[in-house]
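Engineer: Mind having a look at this structure? Questions to follow.
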Amino acid sequence: MHDLSATLKLRPARIALLTRPNDARAIRKFMRISACLWGGAHNPIIPVMTSLPVAWRDQHGLKNNAREVTRGYIRYFEPDAYVEAEDGLLEAAGLEAFRRKHAIGTRVLSLNGLMAKEHNRDWAEPKFGLSIVDAMRDIYTRELRFEMKQSQPALLVEPQKGSLLTEAVFGCYPTGKLVDYFRANYRSVFAPRECAATPEAWLSAFKRGDLTPMRFTRYKVEVESTLRNDLTLFVFDPVSSLDCIDLWNMRSEPRWVLPVPIDWWTELLPELRAILRLEHRPIKGNPHGVMHHGTIEFARSIPEARANALAQEIAGDLPQTALVSKFWRTPIWRAQDRYDGTREQGPLAIKSAEKRITLPVDETSLVATFETLSPEFAEEHGSSDLRWVNTIHPSRFHTDHLGTTLPFNTFDPYFTMIQGFREPVMVGREGWSIGQRFKDLSARLTIPSPESAVISALKRYGIDARLSEPGHIAKQILGHLDGLWGVRLLADPETLETLNTMAGGIRRKGAGDTETEELFDRRSKSVRDWHALIERRKKQGLGVNSLSDFTSRNVIRLGVQSKCPNCANLNWHSLTAVDYDVICERCQRAYPFPQANLAKNNGNWSFRVVGPFAVPDYARGSYGALLALKVISNMHMSHDPISYATALSLSFDGIEAEADFVALRSPERYGPQCDPELIICEAKSFGTGPLITAQDLTKLRAIAKKIEGAVIVISVLRDHFIPEELKLLAPFVKWCRRPDANGEMRNPVILLTGYEAFSRIDIGLTWKELGGEHAKFEGFEHRGSLRAFAEATQAIHLGLNPYHIELHEKWVAKQQKPSAIPH
């Protein structure tokens with residue numbers, strides 16, 4: 001049984017609208033339905049476009065195509081389910097996998113089907129999400145039933161024709177016989193003051209804090225702490241559906257947003273200045289006198305000249321540091337740089353409940369069962385297939401036997417390595433998200449092994465993978481060593497040479513039809529030799545405590561040697577095979593054990609390698625691959641585990657190739673997890689001639705073309721690459737440095753030698769001790785991410801400049817190049 005520690009959280013379901021950005025009717029309907037849903041204020045609106053609206057073009061100089069902007073919104077919000085304003089938007093957004101028929105519940109509906117009547121009822125209920133009526137019932141039962149309805153002051157603002165102001169700012173319930181009960185219940189429970197949409201209503205809601213339908217959707221929803229807690233005033237035009245989409249989505253961004261309708265600017269200006277003065281206060285705990293400040297952001301429909309004028313007007317006599325003006329929209333649709341160790345951009349993290357759990361995972365089936373969290377106020381049953389969500393964030397410390405570092409499945413909920421019971425499991429920043437329908441039920445998950453997780457991830461790229469013979473050997477070695485931590489026993493050149501010598505080997509002569517092989521049997525090493533090796537490693541601090549580190553893991557096994565009197569062969573007998581009469585390994589004849597002719601000082605006792613360690617040629621290259629994998633694994637400052645598979649045979653596009661290991665590794669960051677990077681390794685052992693060949697690089701080039709963004713690791717156990725290898729590596733690495741759509745290296749290449757493979761945990765110290773070119777990169781900033789590490793190793797071995805400096809130099813050269821003279 002494997003135990004997996006995790007954090008379990010309860011939150012509302014995140015339902016997204018897919019709509020044309022100018023479809024005000026659909027946007028209004030969705031906003032009104034969201035007011036009927038628990039957590040509805042955090043339901044995103046995803047614009048689906050054939051071309052970018054004029055007001056949205058050239059933001060930050062970006063030239064994104066419309067489809068990529070839509071997909072960027074989806075990656076940012078990671079919705080649990082989708083609602084289509086019109087047929088075909090799912091496919092236009094690249095979410096066609098959600099349409100697939102499956103035995104488990106659907107995650108897509110039409111907008112008209114989101115609030116639909118069932119045949120045996122005369123009212124409509126939401127088909128996604130938890131009805132806010134359950135929260136109203138809870139308020140009434142717990143707080144108001146035996147009181148004179150002295151509840152929090154509440155507002156019910158009437159909608160405006162031709163404007164989305166009420167829906168976007170205050171919240172508004174849908175109308176019609178089937179859904180009028182939402183408004184009726186709100187009136188009954190809170191006795192709200194009903195009024196028109198005016199600046200006075202704004203002051204009641206945002207100065208006095210009166211309850212509104214939109215605010216009530218956050219009932220018992222907690223926003224997790226964020227460092228970005230300064231106020232943003234968002235000035236927008238409520239007639240513009242584009243502005244209202246931005247305002248609506250900004251509520252889910254990690255900031256405090258105060259909506260300011262531009263038509264109410266004059267009336268609200270004194271109050272806005274007063275709010276900004278209150279915001280301008282010292283940051284708690286900051287010893288340098290740094291102050292909080294407000295930001296005024298202008299919607300994209302507001303002309304720049306008018307925005308500048310309004311910014312100057314509100315600044316007035318405010319302290320200079322009290323207000324920052326912002327004339328652009330934060331590009332949440334743009335892929336963020338997740339390789340710099342900072343928190344990856346994402347929406348506000350919200351929760352209603354949280355607890356630490358331990359999942360006992362069956363060793364054979366890898367199935368785990370746990371008790372779910374439910375809103376205490378929810379009815380036991382409901383008509384929605386997706387009423388709320390439980391998220392599981394696995395611990396960063398657990399066994400190597402579970403594959404918990406998994407690629408995100410944001411665009412295909414049914415392609416997941418985590419299997420739920422009748423529910424798709426979404427893998428994203430929060431961890432594993434599981435939709436819930438019934439209250440207080442247990443849930444079951446099937447967690448993949450690391451190997452199956454990697455093979456499934458390759459399948460997504462159209463690559464069939466299976467464990468190769470070296471992969472089986474490396475997997476057996478890890479089994480003996482108790483996982484990657486035990487690979488430290490191999491991190492010593494002399495130890496590897498000793499193991500390889502004891503394993504015997506094959507010597508090849510000639511070539512082609514004249515090639516011959518000569519097999520060398522396994523050899524024994526005396527107890528004295530092994531004790532000397534252990535003592536040397538202990539003095540040098542090379543990860544070994546005693547000889548039992550090797551014997552307890554069945555790396556070596558003790559036995560007794562004797563010489564056959566018939567053929568003079570030196571035999572080795574295990575402790576279970578030794579007897580008064582023994583059998584010769586060569587001539588297979590029996591002879592008496594030479595009891596009277598034992599060597600002095602216990603010289604007959606010796607060790608032999610066993611199991612996978614008895615495989616020649618450095619265990620078919622497994623030692624080099626596992627040491628390279630150890631280097632990548634030890635880079636984790638956040639201690640997230642990696643999912644990995646030992647050597648795999650890859651098949652794609654008529655190409656057969658082999659990778660010495662493939663791994664999924666989360667980039668270094670603080671906060672939520674990131675979509676993991678895929679790592680492909682080509683590892684070699686020792687040798688005097690070229691180890692890296694043109695054929696190896698041709699294979700890696702084919703893999704890199706197939707998997708854009710994959711990190712390539714090229715490793716040798718020598719302490720350097722020889723000139724013939726560097727001549728091949730230079731053009732390959734430069735080809736892999738081509739910029740991708742986000743200006744990053746298309747396929748970062750990490751170059752490892754024995755210095756890194758045999759280093760004592762901290763590669764920075766090893767590089768510092770080496771001095772010279774290595775010492776220039778001893779700082780953590782050169783090892784804080786795989787991409788930074790790739791740049792450092794490329795500079796050390798190939799003399800390449802930092803990637804972004806090289807890009808800048810190319811840009812400058814291009815600008816200085818004289819343009820062609822027209823004919």
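By order of appearance in the structure tokens: chains A, B, ..., then residues from 1 within every chain, and ligands from 1 in the order shown.
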As a list in words, which residues of range 644-702 of chain A does DSSP assign to strand (DSSP E)?

Structural biologist: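 Strand (DSSP E) members of range 644-702 of chain A, listed: Tyr644, Ala645, Thr646, Ala647, Leu648, Ser649, Leu650, Ser651, Phe652, Ile655, Glu656, Ala657, Glu658, Ala659, Asp660, Phe661, Val662, Ala663, Leu664, Arg665, Glu677, Leu678, Ile679, Ile680, Cys681, Glu682 and Ala683 of chain A.
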
Engineer: Pull the closest atom pair for each residue of range 382-498 of chain A that gets at most 12 Å from range 91-94 of chain A, along with the distance in Å to one decimal, counting only C-alpha atoms, ordering rows by chain and then ascending residue number, as a tab-separated table.

Structural biologist:
```
residue	atom	partner	partner_atom	distance
A:Thr410	CA	A:Gly94	CA	10.5
A:Phe411	CA	A:Gly94	CA	7.1
A:Asp412	CA	A:Gly94	CA	9.4
```

Engineer: How far is it from CA of Leu242 in chain A to CA of Trp202 in chain A, in Å with one decimal?

Structural biologist: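 Here the two named atoms are 21.3 Å from each other.
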
Engineer: Between A:Gln673, A:Thr232, A:Gln794, A:Ser352, single out the one closest to Gly294 in chain A, counting only C-alpha atoms.

Structural biologist: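 Selected residue with least distance to Gly294 in chain A: A:Thr232.
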
Engineer: So what do you get for CA of Glu371 in chain A versus CA of Leu386 in chain A, distance-wise?

Structural biologist: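 Calculated distance between CA of Glu371 in chain A and CA of Leu386 in chain A is 17.3 Å.
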
Engineer: Between A:Lys439, A:Arg20, A:Ala55, A:Ser188, which one has atoms that come closest to Tyr140 in chain A, using only C-alpha atoms?

Structural biologist: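 Once distances to Tyr140 in chain A are computed over only C-alpha atoms, the minimum belongs to A:Ser188.
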